[in-house]
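Colleague: First the structure, then my questions, so here it is.
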Amino acid sequence: METTIDGKDIRYKTTGEGSRTAVILQGWGTDMKLYDSIAEDISDEYTVVQFNLPGFSDSDEPSEPWGIDEFTMWFIHFMEFLEVKKVTLIGHSFGGRIMIWLSSLSKEEIPFEIEKLVLIDAAGIQREKTPKQKSSIRRYHFRRALYHFPPFYYFFKDAVDIWQGQQGSADYRNSSPMMKQCMVRAVNNDLTYRLPDIPYEACLVWGDLDTATPLADGQDMERLIPNATLHVLTGTDHFSFLRKPQEFREILRSFLC
């Protein structure tokens with residue numbers, strides 16, 4: 001199905017016929033179909049909504065760089081379009097950022113009731129850079145300034161463009177120019193301070209080998225969110241729900257069904 005929210009054409013779908021509603025918020029740059037298995041896990045008890053955020057997959061991009069607050073406000077308008085009054089939110093990676101921002105707002109600011117939260121390898125905590133990381137960043141900025149010095153760039157344009165295209169994470173490299181700006185705004189927003197303001201029961205699921213959002217992030221979220229429980233799926237990475245689907249299903253259903 002397709003609809004237009006705040007001038008952005010997006011695609012979404014619903015599965016299941018349960019009396020309760022769950023909405024899955026995706027990780028950066030993914031397509032909603034990546035989360036079909038999660039929807040299937042609970043479709044006997046829930047009506048599950050999946051969708052592509054603006055700028056993700058085949059949905060329209062924002063016309064200007066969005067931060068987490070703009071993505072959250074768009075999501076609130078999407079929920080109003082769906083006429084959802086009570087919902088359980090399930091978020092992976094970047095979807096967790098939106099959930100943290102949203103669920104830490106006052107209840108008067110949210111036009112629907114949140115029942116429970118499921119955060120899967122969620123983003124939202126930005127840690128102090130290590131000396132090695134800081135040194136790497138300094139080297140990058142030095143090289144970028146040198147390589148883009150007009151005489152240098154004139155003679156070595158192709159090589160510089162190849163080098164520039166190899167910088168940053170895979171998510172960053174695969175993003176469009178507009179979505180790269182959105183990603184920078186989102187990643188540079190540390191939401192740690194908002195975690196204690198989340199009043200909802202939260203289930204945290206993490207891969208112990210996750211390098212994108214390390215297990216330490218999940219441990220901090222469990223410590224800072226007043227009513228949160230962390231479940232660790234050993235031997236799994238940033239996509240823990242895909243690596244051990246049966247264990248994930250048992251955790252999810254135990255919490256929600």
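Numbering starts fresh at 1 for the residues of each chain in the structure tokens, the chains themselves are lettered A, B, ... in the order given, and ligands are numbered from 1 as they appear.
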Could you pull the residues within 12 Å of region 7-18 of chain A, counting only C-alpha atoms, minus those fewer than 4 positions along the same chain, as number ranges by chain?
Modeller: A: 1-3, 22-26, 31-33, 35-63, 71, 74-75, 77-79, 81-82, 257
Colleague: Could you dump the residues just selected with C-alpha atoms as an mmCIF file, in the first residue's frame?
Modeller:
data_model
loop_
_atom_site.group_PDB
_atom_site.id
_atom_site.type_symbol
_atom_site.label_atom_id
_atom_site.label_comp_id
_atom_site.auth_asym_id
_atom_site.auth_seq_id
_atom_site.Cartn_x
_atom_site.Cartn_y
_atom_site.Cartn_z
ATOM 1 C CA MET A 1 0.000 0.000 0.000
ATOM 2 C CA GLU A 2 1.055 3.593 -0.569
ATOM 3 C CA THR A 3 0.152 6.888 1.036
ATOM 4 C CA ALA A 22 2.411 -3.355 16.676
ATOM 5 C CA VAL A 23 4.520 -1.119 14.439
ATOM 6 C CA ILE A 24 8.044 -2.017 13.294
ATOM 7 C CA LEU A 25 10.531 0.836 12.841
ATOM 8 C CA GLN A 26 13.395 -0.110 10.545
ATOM 9 C CA ASP A 31 13.571 -2.120 3.364
ATOM 10 C CA MET A 32 10.549 -3.017 5.475
ATOM 11 C CA LYS A 33 10.551 -6.580 4.110
ATOM 12 C CA TYR A 35 11.425 -7.451 9.170
ATOM 13 C CA ASP A 36 8.834 -9.868 7.754
ATOM 14 C CA SER A 37 9.955 -12.596 10.150
ATOM 15 C CA ILE A 38 9.265 -10.362 13.170
ATOM 16 C CA ALA A 39 5.770 -9.633 11.865
ATOM 17 C CA GLU A 40 5.172 -13.347 11.338
ATOM 18 C CA ASP A 41 6.275 -14.108 14.908
ATOM 19 C CA ILE A 42 3.372 -12.159 16.416
ATOM 20 C CA SER A 43 0.796 -11.904 13.610
ATOM 21 C CA ASP A 44 -1.575 -14.267 15.436
ATOM 22 C CA GLU A 45 -1.883 -11.782 18.308
ATOM 23 C CA TYR A 46 -1.202 -8.443 16.597
ATOM 24 C CA THR A 47 -1.983 -6.478 13.499
ATOM 25 C CA VAL A 48 1.547 -5.542 12.466
ATOM 26 C CA VAL A 49 2.424 -2.407 10.477
ATOM 27 C CA GLN A 50 5.651 -2.205 8.466
ATOM 28 C CA PHE A 51 6.698 0.813 6.422
ATOM 29 C CA ASN A 52 9.585 2.552 4.716
ATOM 30 C CA LEU A 53 10.618 5.809 6.333
ATOM 31 C CA PRO A 54 11.160 8.856 4.089
ATOM 32 C CA GLY A 55 14.430 8.325 2.232
ATOM 33 C CA PHE A 56 14.481 4.578 2.920
ATOM 34 C CA SER A 57 14.076 2.080 0.066
ATOM 35 C CA ASP A 58 11.411 3.397 -2.337
ATOM 36 C CA SER A 59 9.950 6.172 -0.162
ATOM 37 C CA ASP A 60 10.461 9.847 -1.001
ATOM 38 C CA GLU A 61 13.459 11.549 0.571
ATOM 39 C CA PRO A 62 13.139 14.575 2.852
ATOM 40 C CA SER A 63 13.572 17.832 0.951
ATOM 41 C CA PHE A 71 11.732 11.781 11.687
ATOM 42 C CA TRP A 74 6.729 12.485 10.658
ATOM 43 C CA PHE A 75 6.130 9.137 12.369
ATOM 44 C CA HIS A 77 1.691 12.008 11.629
ATOM 45 C CA PHE A 78 1.885 8.541 10.044
ATOM 46 C CA MET A 79 0.321 7.038 13.155
ATOM 47 C CA PHE A 81 -3.117 8.641 9.424
ATOM 48 C CA LEU A 82 -3.425 5.008 10.537
ATOM 49 C CA CYS A 257 1.924 -12.455 23.743
#
Colleague: Write out as a VMD selection string all residues of region 193-226 of chain A that DSSP puts in helix (DSSP H, G or I) for this structure's backbone.
Modeller: chain A and resid 193 to 197 215 to 224
Colleague: For the selection just defined, write its residues with all heavy atoms to a file, as a CSV table (one decimal), in the first residue's frame.
Modeller:
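Result file follows (part33.csv):
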chain,number,residue,atom,x,y,z
A,193,TYR,N,20.7,10.9,27.5
A,193,TYR,CA,20.0,11.7,28.6
A,193,TYR,C,18.5,11.5,28.6
A,193,TYR,O,17.9,11.8,29.6
A,193,TYR,CB,20.4,13.2,28.4
A,193,TYR,CG,19.7,13.8,27.2
A,193,TYR,CD1,18.6,14.7,27.4
A,193,TYR,CD2,20.1,13.7,25.9
A,193,TYR,CE1,17.9,15.3,26.3
A,193,TYR,CE2,19.5,14.2,24.9
A,193,TYR,CZ,18.4,15.1,25.1
A,193,TYR,OH,17.8,15.6,24.0
A,194,ARG,N,18.0,11.0,27.5
A,194,ARG,CA,16.5,10.8,27.4
A,194,ARG,C,16.1,9.4,28.0
A,194,ARG,O,14.9,9.2,28.2
A,194,ARG,CB,16.0,11.0,26.0
A,194,ARG,CG,16.4,12.3,25.4
A,194,ARG,CD,15.8,12.5,24.0
A,194,ARG,NE,14.3,12.7,24.1
A,194,ARG,CZ,13.8,13.9,23.9
A,194,ARG,NH1,14.5,15.0,23.7
A,194,ARG,NH2,12.5,14.1,23.9
A,195,LEU,N,17.0,8.5,28.1
A,195,LEU,CA,16.6,7.1,28.5
A,195,LEU,C,15.9,7.1,29.9
A,195,LEU,O,14.9,6.3,30.0
A,195,LEU,CB,17.9,6.2,28.5
A,195,LEU,CG,18.5,6.0,27.2
A,195,LEU,CD1,19.8,5.3,27.3
A,195,LEU,CD2,17.6,5.3,26.2
A,196,PRO,N,16.3,7.8,30.9
A,196,PRO,CA,15.6,7.7,32.2
A,196,PRO,C,14.2,8.3,32.2
A,196,PRO,O,13.4,8.0,33.1
A,196,PRO,CB,16.5,8.6,33.1
A,196,PRO,CG,17.8,8.6,32.5
A,196,PRO,CD,17.6,8.6,31.0
A,197,ASP,N,13.8,9.0,31.1
A,197,ASP,CA,12.5,9.6,31.0
A,197,ASP,C,11.5,8.6,30.3
A,197,ASP,O,10.3,9.0,30.1
A,197,ASP,CB,12.5,10.9,30.2
A,197,ASP,CG,13.3,12.0,30.9
A,197,ASP,OD1,13.3,11.9,32.2
A,197,ASP,OD2,13.9,12.8,30.2
A,215,LEU,N,27.2,-4.2,22.5
A,215,LEU,CA,26.5,-4.7,23.6
A,215,LEU,C,26.5,-3.7,24.8
A,215,LEU,O,25.5,-3.6,25.5
A,215,LEU,CB,27.0,-6.1,24.0
A,215,LEU,CG,26.3,-6.7,25.2
A,215,LEU,CD1,24.8,-6.9,25.0
A,215,LEU,CD2,27.0,-8.1,25.5
A,216,ALA,N,27.6,-3.0,24.9
A,216,ALA,CA,27.6,-2.0,26.0
A,216,ALA,C,26.5,-1.0,25.9
A,216,ALA,O,26.0,-0.5,27.0
A,216,ALA,CB,29.0,-1.3,26.0
A,217,ASP,N,26.0,-0.7,24.7
A,217,ASP,CA,24.9,0.2,24.5
A,217,ASP,C,23.6,-0.4,25.1
A,217,ASP,O,22.9,0.3,25.8
A,217,ASP,CB,24.7,0.5,23.1
A,217,ASP,CG,25.8,1.4,22.4
A,217,ASP,OD1,26.7,1.7,23.2
A,217,ASP,OD2,25.6,1.7,21.3
A,218,GLY,N,23.4,-1.7,24.9
A,218,GLY,CA,22.3,-2.4,25.4
A,218,GLY,C,22.3,-2.4,26.9
A,218,GLY,O,21.3,-2.3,27.6
A,219,GLN,N,23.5,-2.7,27.5
A,219,GLN,CA,23.7,-2.7,28.9
A,219,GLN,C,23.4,-1.4,29.6
A,219,GLN,O,22.8,-1.3,30.6
A,219,GLN,CB,25.1,-3.2,29.3
A,219,GLN,CG,25.3,-4.7,28.8
A,219,GLN,CD,26.8,-5.1,28.9
A,219,GLN,OE1,27.7,-4.2,28.7
A,219,GLN,NE2,27.1,-6.3,29.0
A,220,ASP,N,23.8,-0.3,28.9
A,220,ASP,CA,23.6,1.0,29.4
A,220,ASP,C,22.1,1.3,29.4
A,220,ASP,O,21.5,2.0,30.3
A,220,ASP,CB,24.3,2.1,28.7
A,220,ASP,CG,25.8,2.2,29.1
A,220,ASP,OD1,26.1,1.5,30.1
A,220,ASP,OD2,26.6,2.8,28.4
A,221,MET,N,21.4,0.9,28.3
A,221,MET,CA,20.0,1.2,28.2
A,221,MET,C,19.2,0.4,29.2
A,221,MET,O,18.3,0.9,29.8
A,221,MET,CB,19.5,0.8,26.8
A,221,MET,CG,19.9,1.7,25.7
A,221,MET,SD,19.2,1.3,24.1
A,221,MET,CE,20.1,2.4,23.0
A,222,GLU,N,19.6,-0.8,29.5
A,222,GLU,CA,19.0,-1.6,30.6
A,222,GLU,C,19.1,-0.9,31.9
A,222,GLU,O,18.2,-0.8,32.7
A,222,GLU,CB,19.6,-3.0,30.7
A,222,GLU,CG,18.9,-3.9,31.7
A,222,GLU,CD,19.5,-5.2,31.9
A,222,GLU,OE1,20.7,-5.3,31.8
A,222,GLU,OE2,18.8,-6.2,32.1
A,223,ARG,N,20.3,-0.3,32.2
A,223,ARG,CA,20.6,0.4,33.4
A,223,ARG,C,19.8,1.7,33.5
A,223,ARG,O,19.3,2.1,34.6
A,223,ARG,CB,22.1,0.6,33.5
A,223,ARG,CG,22.5,1.4,34.8
A,223,ARG,CD,24.0,1.5,34.8
A,223,ARG,NE,24.6,2.1,33.6
A,223,ARG,CZ,24.8,3.4,33.4
A,223,ARG,NH1,24.3,4.3,34.3
A,223,ARG,NH2,25.3,3.8,32.3
A,224,LEU,N,19.6,2.4,32.4
A,224,LEU,CA,19.1,3.8,32.5
A,224,LEU,C,17.6,3.8,32.2
A,224,LEU,O,16.9,4.7,32.7
A,224,LEU,CB,19.8,4.6,31.4
A,224,LEU,CG,21.3,4.9,31.7
A,224,LEU,CD1,21.9,5.6,30.6
A,224,LEU,CD2,21.4,5.8,33.0
Colleague: Could you give me, as a VMD selection string, each residue of region 27-236 of chain A that DSSP assigns to strand (DSSP E or B) when run on this structure's backbone?
Modeller: chain A and resid 46 to 51 86 to 92 113 to 120 201 to 207 228 to 233
Colleague: Write out the residues from the selection above, keeping N, CA, C and O atoms, as a short mmCIF file (atom, residue, chain, number, x, y, z; two decimals), in the first residue's frame.
Modeller:
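Final output, out-v6.cif:
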data_model
loop_
_atom_site.label_atom_id
_atom_site.label_comp_id
_atom_site.auth_asym_id
_atom_site.auth_seq_id
_atom_site.Cartn_x
_atom_site.Cartn_y
_atom_site.Cartn_z
N TYR A 46 -1.28 -9.87 16.93
CA TYR A 46 -1.20 -8.44 16.60
C TYR A 46 -1.52 -8.21 15.12
O TYR A 46 -1.28 -9.07 14.27
N THR A 47 -2.03 -7.04 14.84
CA THR A 47 -1.98 -6.48 13.50
C THR A 47 -0.68 -5.69 13.42
O THR A 47 -0.46 -4.76 14.21
N VAL A 48 0.20 -6.09 12.50
CA VAL A 48 1.55 -5.54 12.47
C VAL A 48 1.70 -4.61 11.26
O VAL A 48 1.37 -4.98 10.13
N VAL A 49 2.20 -3.41 11.52
CA VAL A 49 2.42 -2.41 10.48
C VAL A 49 3.92 -2.32 10.20
O VAL A 49 4.73 -2.16 11.12
N GLN A 50 4.28 -2.44 8.92
CA GLN A 50 5.65 -2.20 8.47
C GLN A 50 5.62 -1.10 7.43
O GLN A 50 4.66 -0.97 6.67
N PHE A 51 6.69 -0.30 7.36
CA PHE A 51 6.70 0.81 6.42
C PHE A 51 8.13 1.23 6.14
O PHE A 51 9.07 0.87 6.87
N LYS A 86 -3.57 2.84 20.27
CA LYS A 86 -2.74 2.13 21.26
C LYS A 86 -1.80 1.22 20.48
O LYS A 86 -2.23 0.50 19.58
N VAL A 87 -0.50 1.24 20.83
CA VAL A 87 0.47 0.54 19.99
C VAL A 87 1.64 0.01 20.80
O VAL A 87 2.05 0.61 21.81
N THR A 88 2.18 -1.11 20.35
CA THR A 88 3.48 -1.61 20.79
C THR A 88 4.48 -1.28 19.70
O THR A 88 4.22 -1.52 18.51
N LEU A 89 5.62 -0.73 20.07
CA LEU A 89 6.64 -0.32 19.10
C LEU A 89 7.82 -1.27 19.13
O LEU A 89 8.33 -1.61 20.21
N ILE A 90 8.25 -1.69 17.95
CA ILE A 90 9.39 -2.58 17.79
C ILE A 90 10.39 -1.88 16.88
O ILE A 90 10.04 -1.53 15.74
N GLY A 91 11.59 -1.64 17.35
CA GLY A 91 12.55 -0.88 16.55
C GLY A 91 13.91 -1.52 16.49
O GLY A 91 14.44 -1.99 17.49
N HIS A 92 14.48 -1.54 15.29
CA HIS A 92 15.83 -2.06 15.08
C HIS A 92 16.76 -0.91 14.72
O HIS A 92 16.42 -0.07 13.88
N GLU A 113 -1.47 5.95 22.65
CA GLU A 113 -0.93 5.31 23.85
C GLU A 113 0.11 4.26 23.45
O GLU A 113 -0.13 3.43 22.58
N ILE A 114 1.27 4.32 24.09
CA ILE A 114 2.31 3.32 23.88
C ILE A 114 2.16 2.24 24.96
O ILE A 114 2.12 2.55 26.15
N GLU A 115 2.07 0.99 24.53
CA GLU A 115 1.93 -0.11 25.48
C GLU A 115 3.30 -0.64 25.92
O GLU A 115 3.62 -0.64 27.11
N LYS A 116 4.09 -1.12 24.96
CA LYS A 116 5.39 -1.69 25.28
C LYS A 116 6.39 -1.32 24.19
O LYS A 116 6.01 -0.93 23.08
N LEU A 117 7.68 -1.48 24.51
CA LEU A 117 8.76 -1.21 23.58
C LEU A 117 9.63 -2.44 23.42
O LEU A 117 9.95 -3.12 24.41
N VAL A 118 10.03 -2.72 22.18
CA VAL A 118 11.04 -3.74 21.91
C VAL A 118 12.15 -3.08 21.12
O VAL A 118 11.94 -2.61 20.00
N LEU A 119 13.33 -3.01 21.71
CA LEU A 119 14.49 -2.37 21.09
C LEU A 119 15.50 -3.44 20.71
O LEU A 119 16.00 -4.17 21.58
N ILE A 120 15.79 -3.56 19.42
CA ILE A 120 16.67 -4.60 18.90
C ILE A 120 17.95 -3.97 18.37
O ILE A 120 17.92 -3.20 17.40
N GLU A 201 7.47 -0.26 29.71
CA GLU A 201 8.20 -1.50 29.85
C GLU A 201 8.93 -1.78 28.54
O GLU A 201 8.34 -1.70 27.45
N ALA A 202 10.22 -2.10 28.64
CA ALA A 202 11.04 -2.27 27.44
C ALA A 202 11.78 -3.59 27.46
O ALA A 202 12.38 -3.97 28.47
N CYS A 203 11.73 -4.28 26.33
CA CYS A 203 12.49 -5.50 26.10
C CYS A 203 13.65 -5.15 25.17
O CYS A 203 13.42 -4.64 24.07
N LEU A 204 14.86 -5.41 25.60
CA LEU A 204 16.06 -5.12 24.80
C LEU A 204 16.65 -6.44 24.31
O LEU A 204 16.89 -7.35 25.11
N VAL A 205 16.88 -6.54 23.02
CA VAL A 205 17.48 -7.75 22.44
C VAL A 205 18.76 -7.34 21.71
O VAL A 205 18.73 -6.44 20.86
N TRP A 206 19.87 -8.01 22.03
CA TRP A 206 21.17 -7.58 21.50
C TRP A 206 22.01 -8.77 21.07
O TRP A 206 21.97 -9.84 21.69
N GLY A 207 22.80 -8.54 20.03
CA GLY A 207 23.83 -9.50 19.65
C GLY A 207 25.13 -9.16 20.35
O GLY A 207 25.55 -8.00 20.36
N ALA A 228 13.39 -1.90 32.09
CA ALA A 228 13.93 -2.55 30.90
C ALA A 228 14.65 -3.84 31.28
O ALA A 228 15.26 -3.95 32.34
N THR A 229 14.57 -4.83 30.39
CA THR A 229 15.26 -6.10 30.56
C THR A 229 16.03 -6.42 29.29
O THR A 229 15.47 -6.36 28.19
N LEU A 230 17.30 -6.76 29.45
CA LEU A 230 18.17 -7.05 28.31
C LEU A 230 18.29 -8.55 28.10
O LEU A 230 18.54 -9.32 29.03
N HIS A 231 18.14 -8.97 26.83
CA HIS A 231 18.34 -10.36 26.41
C HIS A 231 19.46 -10.38 25.38
O HIS A 231 19.40 -9.66 24.38
N VAL A 232 20.48 -11.20 25.63
CA VAL A 232 21.64 -11.25 24.74
C VAL A 232 21.60 -12.54 23.93
O VAL A 232 21.49 -13.64 24.49
N LEU A 233 21.69 -12.40 22.60
CA LEU A 233 21.77 -13.54 21.72
C LEU A 233 23.24 -13.75 21.35
O LEU A 233 23.82 -12.95 20.61
#
Colleague: I'd like a table as CSV: residues in region 8-31 of chain A with an atom no more than 12 Å from region 175-184 of chain A, each row giving the shortest atom pair and its distance in Å to one decimal, only C-alpha atoms counted, sorted by chain and rising residue number.
Modeller:
residue,atom,partner,partner_atom,distance
A:Gly27,CA,A:Met183,CA,11.6
A:Trp28,CA,A:Met183,CA,8.4
A:Gly29,CA,A:Ser175,CA,7.4
A:Thr30,CA,A:Ser175,CA,10.8
